[in-house]
$ cat work-v1.txt   # compact mmCIF, N, CA and C atoms
# COMPACT_ATOMS: atom_id res chain seq x y z
N MET A 1 0.50 25.35 30.71
CA MET A 1 1.60 24.60 30.09
C MET A 1 1.06 23.60 29.08
N THR A 2 0.09 22.77 29.50
CA THR A 2 -0.44 21.76 28.58
C THR A 2 -1.19 22.41 27.42
N THR A 3 -1.84 23.55 27.66
CA THR A 3 -2.55 24.20 26.55
C THR A 3 -1.55 24.73 25.53
N ASN A 4 -0.41 25.23 26.01
CA ASN A 4 0.63 25.69 25.10
C ASN A 4 1.18 24.52 24.29
N LEU A 5 1.39 23.39 24.95
CA LEU A 5 1.87 22.19 24.27
C LEU A 5 0.83 21.68 23.27
N ASP A 6 -0.44 21.69 23.68
CA ASP A 6 -1.51 21.26 22.77
C ASP A 6 -1.58 22.16 21.55
N GLU A 7 -1.39 23.45 21.77
CA GLU A 7 -1.43 24.41 20.65
C GLU A 7 -0.27 24.14 19.68
N LYS A 8 0.91 23.85 20.22
CA LYS A 8 2.06 23.53 19.37
C LYS A 8 1.79 22.28 18.54
N ARG A 9 1.23 21.28 19.18
CA ARG A 9 0.91 20.03 18.48
C ARG A 9 -0.12 20.27 17.38
N ARG A 10 -1.14 21.08 17.69
CA ARG A 10 -2.17 21.37 16.71
C ARG A 10 -1.58 22.10 15.50
N LYS A 11 -0.74 23.10 15.77
CA LYS A 11 -0.11 23.86 14.68
C LYS A 11 0.81 22.97 13.84
N ARG A 12 1.56 22.10 14.52
CA ARG A 12 2.45 21.19 13.80
C ARG A 12 1.65 20.25 12.91
N ARG A 13 0.56 19.72 13.44
CA ARG A 13 -0.31 18.81 12.69
C ARG A 13 -0.89 19.54 11.46
N GLU A 14 -1.35 20.77 11.67
CA GLU A 14 -1.90 21.56 10.56
C GLU A 14 -0.84 21.82 9.50
N TYR A 15 0.39 22.12 9.94
CA TYR A 15 1.48 22.36 8.98
C TYR A 15 1.71 21.13 8.11
N TYR A 16 1.80 19.95 8.74
CA TYR A 16 2.06 18.74 7.99
C TYR A 16 0.91 18.40 7.06
N LEU A 17 -0.31 18.63 7.51
CA LEU A 17 -1.46 18.37 6.62
C LEU A 17 -1.46 19.33 5.44
N ARG A 18 -1.10 20.58 5.70
CA ARG A 18 -1.08 21.59 4.65
C ARG A 18 0.03 21.31 3.63
N ASN A 19 1.15 20.78 4.09
CA ASN A 19 2.32 20.55 3.23
C ASN A 19 2.62 19.06 3.06
N LEU A 20 1.59 18.26 2.99
CA LEU A 20 1.74 16.80 2.98
C LEU A 20 2.61 16.32 1.82
N GLU A 21 2.32 16.77 0.61
CA GLU A 21 3.09 16.29 -0.55
C GLU A 21 4.55 16.72 -0.46
N GLU A 22 4.79 17.93 -0.02
CA GLU A 22 6.17 18.41 0.12
C GLU A 22 6.91 17.57 1.17
N GLU A 23 6.25 17.27 2.28
CA GLU A 23 6.87 16.46 3.33
C GLU A 23 7.14 15.04 2.83
N ARG A 24 6.23 14.48 2.07
CA ARG A 24 6.44 13.15 1.50
C ARG A 24 7.63 13.15 0.55
N GLN A 25 7.74 14.20 -0.26
CA GLN A 25 8.86 14.30 -1.18
C GLN A 25 10.18 14.40 -0.42
N ARG A 26 10.20 15.18 0.65
CA ARG A 26 11.42 15.30 1.48
C ARG A 26 11.78 13.94 2.08
N ALA A 27 10.78 13.22 2.55
CA ALA A 27 11.04 11.90 3.15
C ALA A 27 11.59 10.94 2.11
N ARG A 28 11.03 10.97 0.90
CA ARG A 28 11.53 10.10 -0.17
C ARG A 28 12.99 10.43 -0.51
N GLU A 29 13.29 11.71 -0.59
CA GLU A 29 14.65 12.15 -0.90
C GLU A 29 15.62 11.72 0.22
N TYR A 30 15.21 11.86 1.46
CA TYR A 30 16.02 11.46 2.60
C TYR A 30 16.29 9.96 2.55
N ALA A 31 15.24 9.18 2.27
CA ALA A 31 15.40 7.73 2.22
C ALA A 31 16.30 7.33 1.05
N ARG A 32 16.14 8.01 -0.08
CA ARG A 32 16.98 7.70 -1.24
C ARG A 32 18.45 7.97 -0.92
N ARG A 33 18.73 9.11 -0.28
CA ARG A 33 20.12 9.42 0.07
C ARG A 33 20.68 8.41 1.06
N ARG A 34 19.87 8.01 2.03
CA ARG A 34 20.34 7.01 3.01
C ARG A 34 20.65 5.68 2.33
N ARG A 35 19.81 5.27 1.37
CA ARG A 35 20.06 4.00 0.67
C ARG A 35 21.33 4.08 -0.17
N GLU A 36 21.59 5.25 -0.78
CA GLU A 36 22.81 5.41 -1.58
C GLU A 36 24.07 5.32 -0.72
N GLU A 37 23.98 5.81 0.51
CA GLU A 37 25.16 5.87 1.37
C GLU A 37 25.36 4.63 2.23
N GLU A 38 24.38 3.72 2.26
CA GLU A 38 24.51 2.57 3.15
C GLU A 38 25.47 1.52 2.58
N SER A 39 26.08 0.79 3.47
CA SER A 39 27.01 -0.26 3.07
C SER A 39 26.21 -1.49 2.65
N PRO A 40 26.85 -2.43 1.95
CA PRO A 40 26.14 -3.67 1.56
C PRO A 40 25.59 -4.43 2.77
N GLN A 41 26.32 -4.39 3.90
CA GLN A 41 25.83 -5.07 5.10
C GLN A 41 24.57 -4.39 5.63
N GLU A 42 24.56 -3.06 5.62
CA GLU A 42 23.38 -2.33 6.08
C GLU A 42 22.19 -2.59 5.15
N ALA A 43 22.46 -2.66 3.85
CA ALA A 43 21.39 -2.93 2.88
C ALA A 43 20.80 -4.32 3.14
N GLU A 44 21.67 -5.29 3.37
CA GLU A 44 21.18 -6.65 3.64
C GLU A 44 20.37 -6.69 4.94
N LEU A 45 20.82 -5.96 5.95
CA LEU A 45 20.10 -5.90 7.21
C LEU A 45 18.72 -5.26 7.01
N ARG A 46 18.66 -4.18 6.21
CA ARG A 46 17.38 -3.51 5.93
C ARG A 46 16.44 -4.46 5.19
N ARG A 47 16.95 -5.19 4.21
CA ARG A 47 16.13 -6.15 3.46
C ARG A 47 15.64 -7.28 4.37
N ARG A 48 16.52 -7.77 5.23
CA ARG A 48 16.14 -8.85 6.14
C ARG A 48 15.04 -8.40 7.09
N ARG A 49 15.18 -7.19 7.65
CA ARG A 49 14.14 -6.66 8.53
C ARG A 49 12.82 -6.52 7.80
N HIS A 50 12.88 -6.08 6.55
CA HIS A 50 11.66 -5.93 5.77
C HIS A 50 11.00 -7.28 5.53
N ARG A 51 11.80 -8.29 5.19
CA ARG A 51 11.24 -9.63 5.00
C ARG A 51 10.62 -10.16 6.28
N GLU A 52 11.28 -9.91 7.41
CA GLU A 52 10.73 -10.36 8.70
C GLU A 52 9.42 -9.65 9.02
N ALA A 53 9.36 -8.35 8.76
CA ALA A 53 8.13 -7.60 9.01
C ALA A 53 7.00 -8.10 8.10
N ALA A 54 7.32 -8.38 6.85
CA ALA A 54 6.31 -8.90 5.92
C ALA A 54 5.82 -10.27 6.39
N SER A 55 6.73 -11.08 6.89
CA SER A 55 6.36 -12.40 7.39
C SER A 55 5.44 -12.28 8.61
N ARG A 56 5.77 -11.36 9.52
CA ARG A 56 4.91 -11.15 10.69
C ARG A 56 3.52 -10.68 10.26
N TYR A 57 3.47 -9.78 9.28
CA TYR A 57 2.19 -9.29 8.78
C TYR A 57 1.37 -10.44 8.21
N ARG A 58 1.99 -11.27 7.39
CA ARG A 58 1.27 -12.41 6.80
C ARG A 58 0.78 -13.36 7.87
N ASP A 59 1.60 -13.61 8.89
CA ASP A 59 1.18 -14.49 9.99
C ASP A 59 -0.01 -13.91 10.75
N GLN A 60 0.01 -12.63 11.00
CA GLN A 60 -1.06 -12.00 11.78
C GLN A 60 -2.35 -11.85 10.97
N ASN A 61 -2.25 -11.75 9.65
CA ASN A 61 -3.42 -11.48 8.82
C ASN A 61 -3.71 -12.61 7.84
N ARG A 62 -3.30 -13.81 8.19
CA ARG A 62 -3.43 -14.95 7.28
C ARG A 62 -4.87 -15.16 6.80
N ILE A 63 -5.83 -15.10 7.71
CA ILE A 63 -7.23 -15.34 7.35
C ILE A 63 -7.73 -14.26 6.39
N GLN A 64 -7.48 -12.99 6.72
CA GLN A 64 -7.92 -11.91 5.85
C GLN A 64 -7.27 -12.01 4.48
N LEU A 65 -5.99 -12.37 4.44
CA LEU A 65 -5.30 -12.49 3.16
C LEU A 65 -5.88 -13.64 2.34
N ARG A 66 -6.21 -14.74 3.00
CA ARG A 66 -6.83 -15.87 2.29
C ARG A 66 -8.18 -15.48 1.72
N ILE A 67 -8.99 -14.80 2.53
CA ILE A 67 -10.31 -14.38 2.06
C ILE A 67 -10.18 -13.43 0.88
N HIS A 68 -9.28 -12.48 0.99
CA HIS A 68 -9.08 -11.51 -0.09
C HIS A 68 -8.65 -12.20 -1.38
N GLU A 69 -7.73 -13.14 -1.27
CA GLU A 69 -7.25 -13.85 -2.46
C GLU A 69 -8.36 -14.72 -3.05
N TRP A 70 -9.15 -15.37 -2.19
CA TRP A 70 -10.27 -16.18 -2.67
C TRP A 70 -11.27 -15.29 -3.41
N GLN A 71 -11.59 -14.12 -2.85
CA GLN A 71 -12.52 -13.20 -3.52
C GLN A 71 -11.96 -12.72 -4.85
N ARG A 72 -10.66 -12.48 -4.91
CA ARG A 72 -10.03 -12.05 -6.17
C ARG A 72 -10.17 -13.12 -7.23
N ARG A 73 -9.92 -14.39 -6.83
CA ARG A 73 -10.05 -15.49 -7.79
C ARG A 73 -11.48 -15.64 -8.27
N VAL A 74 -12.45 -15.52 -7.37
CA VAL A 74 -13.86 -15.63 -7.75
C VAL A 74 -14.24 -14.49 -8.70
N ARG A 75 -13.81 -13.25 -8.37
CA ARG A 75 -14.10 -12.11 -9.23
C ARG A 75 -13.54 -12.32 -10.62
N LYS A 76 -12.31 -12.81 -10.69
CA LYS A 76 -11.66 -13.06 -11.97
C LYS A 76 -12.43 -14.11 -12.77
N LYS A 77 -12.86 -15.17 -12.10
CA LYS A 77 -13.62 -16.24 -12.75
C LYS A 77 -14.96 -15.71 -13.25
N ARG A 78 -15.66 -14.95 -12.41
CA ARG A 78 -16.96 -14.39 -12.80
C ARG A 78 -16.82 -13.43 -13.98
N GLN A 79 -15.77 -12.63 -13.96
CA GLN A 79 -15.52 -11.69 -15.05
C GLN A 79 -15.29 -12.44 -16.36
N LYS A 80 -14.52 -13.50 -16.29
CA LYS A 80 -14.25 -14.32 -17.48
C LYS A 80 -15.54 -14.95 -18.01
N GLU A 81 -16.38 -15.46 -17.10
CA GLU A 81 -17.66 -16.05 -17.49
C GLU A 81 -18.57 -15.00 -18.11
N TRP A 82 -18.61 -13.80 -17.52
CA TRP A 82 -19.45 -12.73 -18.03
C TRP A 82 -19.01 -12.33 -19.44
N GLU A 83 -17.69 -12.23 -19.64
CA GLU A 83 -17.18 -11.86 -20.97
C GLU A 83 -17.53 -12.92 -22.01
N ALA A 84 -17.45 -14.19 -21.63
CA ALA A 84 -17.81 -15.27 -22.55
C ALA A 84 -19.30 -15.21 -22.87
N ASP A 85 -20.15 -14.99 -21.86
CA ASP A 85 -21.59 -14.87 -22.08
C ASP A 85 -21.91 -13.68 -22.98
N GLU A 86 -21.23 -12.57 -22.73
CA GLU A 86 -21.45 -11.37 -23.54
C GLU A 86 -21.05 -11.61 -24.99
N ALA A 87 -19.93 -12.29 -25.21
CA ALA A 87 -19.48 -12.59 -26.57
C ALA A 87 -20.50 -13.51 -27.26
N GLU A 88 -21.00 -14.49 -26.53
CA GLU A 88 -22.00 -15.41 -27.10
C GLU A 88 -23.28 -14.64 -27.44
N TYR A 89 -23.71 -13.76 -26.55
CA TYR A 89 -24.90 -12.96 -26.78
C TYR A 89 -24.74 -12.07 -28.01
N GLN A 90 -23.58 -11.41 -28.12
CA GLN A 90 -23.33 -10.54 -29.27
C GLN A 90 -23.32 -11.34 -30.56
N ALA A 91 -22.75 -12.55 -30.52
CA ALA A 91 -22.74 -13.40 -31.71
C ALA A 91 -24.16 -13.80 -32.09
N LEU A 92 -24.99 -14.13 -31.12
CA LEU A 92 -26.39 -14.49 -31.40
C LEU A 92 -27.15 -13.29 -31.96
N MET A 93 -26.94 -12.13 -31.40
CA MET A 93 -27.63 -10.93 -31.90
C MET A 93 -27.18 -10.58 -33.32
N ALA A 94 -25.92 -10.78 -33.62
CA ALA A 94 -25.40 -10.50 -34.97
C ALA A 94 -25.97 -11.52 -35.96
N ALA A 95 -26.15 -12.76 -35.52
CA ALA A 95 -26.68 -13.81 -36.40
C ALA A 95 -28.15 -13.58 -36.69
N GLN A 96 -28.87 -12.94 -35.78
CA GLN A 96 -30.31 -12.66 -35.96
C GLN A 96 -30.54 -11.65 -37.06
N ASP A 97 -29.65 -10.71 -37.21
CA ASP A 97 -29.82 -9.65 -38.22
C ASP A 97 -29.65 -10.14 -39.58

$ encode --input "work-v1.txt" --output "structure tokens"
Amino acid sequence: MTTNLDEKRRKRREYYLRNLEEERQRAREYARRRREEESPQEAELRRRRHREAASRYRDQNRIQLRIHEWQRRVRKKRQKEWEADEAEYQALMAAQD
């Protein structure tokens, strides 16, 4: 019995992996149709749940998010410094000729 069930699960998993893009497209179409048919109250409820889930995610991952944002700011600063140094170097090399 369990081997038959395991075989069904394996085949189902293989089917979804084989048809991943088609399944994603079907899911997008289903979600689009549901959003078109929902009432304004249902839409507001969906948005509120999404905001709450985003808030929970930010609360749970606050440290990682801070680190990521700090690294992004440092990268941006370093990139700006590198571009300024490169421009200065190119100007010096052009002046030498």

$ atom_distance --input "work-v1.txt" --atom1 "atom C of Trp82 of chain A" --atom2 "atom C of Arg66 of chain A"
24.0 Å

$ atom_distance --input "work-v1.txt" --atom1 "atom CA of Asp59 of chain A" --atom2 "atom CA of Lys77 of chain A"
27.2 Å

$ atom_distance --input "work-v1.txt" --atom1 "atom N of Tyr30 of chain A" --atom2 "atom C of Ala53 of chain A"
22.6 Å

$ axis_aligned_box --input "work-v1.txt" --around "segment 36-46 of chain A" --padding-each-side "5 Å" --output "lines of an AutoDock Vina configuration file"
center_x = 21.7
center_y = -0.4
center_z = 2.8
size_x = 20.6
size_y = 22.6
size_z = 18.8

$ decode --input "work-v1.txt" --residues "segment 49-86 of chain A" --atoms "C-alpha atoms" --output "PDB file, in the first residue's frame"
ATOM      1  CA  ARG A  49      -3.510  39.484   5.283  1.00  0.00           C
ATOM      2  CA  HIS A  50      -0.620  40.197   2.934  1.00  0.00           C
ATOM      3  CA  ARG A  51       0.434  43.242   4.964  1.00  0.00           C
ATOM      4  CA  GLU A  52       0.252  41.192   8.165  1.00  0.00           C
ATOM      5  CA  ALA A  53       2.342  38.396   6.646  1.00  0.00           C
ATOM      6  CA  ALA A  54       4.922  40.926   5.432  1.00  0.00           C
ATOM      7  CA  SER A  55       5.029  42.451   8.902  1.00  0.00           C
ATOM      8  CA  ARG A  56       5.583  39.035  10.505  1.00  0.00           C
ATOM      9  CA  TYR A  57       8.371  38.319   8.012  1.00  0.00           C
ATOM     10  CA  ARG A  58      10.087  41.631   8.792  1.00  0.00           C
ATOM     11  CA  ASP A  59       9.778  40.984  12.536  1.00  0.00           C
ATOM     12  CA  GLN A  60      11.246  37.488  12.240  1.00  0.00           C
ATOM     13  CA  ASN A  61      14.084  38.513   9.896  1.00  0.00           C
ATOM     14  CA  ARG A  62      14.877  41.994  11.181  1.00  0.00           C
ATOM     15  CA  ILE A  63      18.596  41.318  11.741  1.00  0.00           C
ATOM     16  CA  GLN A  64      19.125  39.697   8.333  1.00  0.00           C
ATOM     17  CA  LEU A  65      17.228  42.518   6.637  1.00  0.00           C
ATOM     18  CA  ARG A  66      19.337  45.133   8.431  1.00  0.00           C
ATOM     19  CA  ILE A  67      22.555  43.386   7.452  1.00  0.00           C
ATOM     20  CA  HIS A  68      21.438  43.062   3.846  1.00  0.00           C
ATOM     21  CA  GLU A  69      20.467  46.734   3.643  1.00  0.00           C
ATOM     22  CA  TRP A  70      23.750  47.799   5.286  1.00  0.00           C
ATOM     23  CA  GLN A  71      25.709  45.712   2.757  1.00  0.00           C
ATOM     24  CA  ARG A  72      23.705  47.234  -0.103  1.00  0.00           C
ATOM     25  CA  ARG A  73      24.513  50.748   1.104  1.00  0.00           C
ATOM     26  CA  VAL A  74      28.218  49.911   1.462  1.00  0.00           C
ATOM     27  CA  ARG A  75      28.289  48.327  -2.020  1.00  0.00           C
ATOM     28  CA  LYS A  76      26.625  51.400  -3.491  1.00  0.00           C
ATOM     29  CA  LYS A  77      29.110  53.702  -1.732  1.00  0.00           C
ATOM     30  CA  ARG A  78      32.119  51.622  -2.845  1.00  0.00           C
ATOM     31  CA  GLN A  79      30.834  51.536  -6.418  1.00  0.00           C
ATOM     32  CA  LYS A  80      30.456  55.313  -6.431  1.00  0.00           C
ATOM     33  CA  GLU A  81      33.997  55.732  -5.032  1.00  0.00           C
ATOM     34  CA  TRP A  82      35.400  53.304  -7.607  1.00  0.00           C
ATOM     35  CA  GLU A  83      33.700  55.167 -10.461  1.00  0.00           C
ATOM     36  CA  ALA A  84      35.094  58.492  -9.204  1.00  0.00           C
ATOM     37  CA  ASP A  85      38.602  56.986  -8.909  1.00  0.00           C
ATOM     38  CA  GLU A  86      38.318  55.499 -12.387  1.00  0.00           C
TER      39      GLU A  86
END
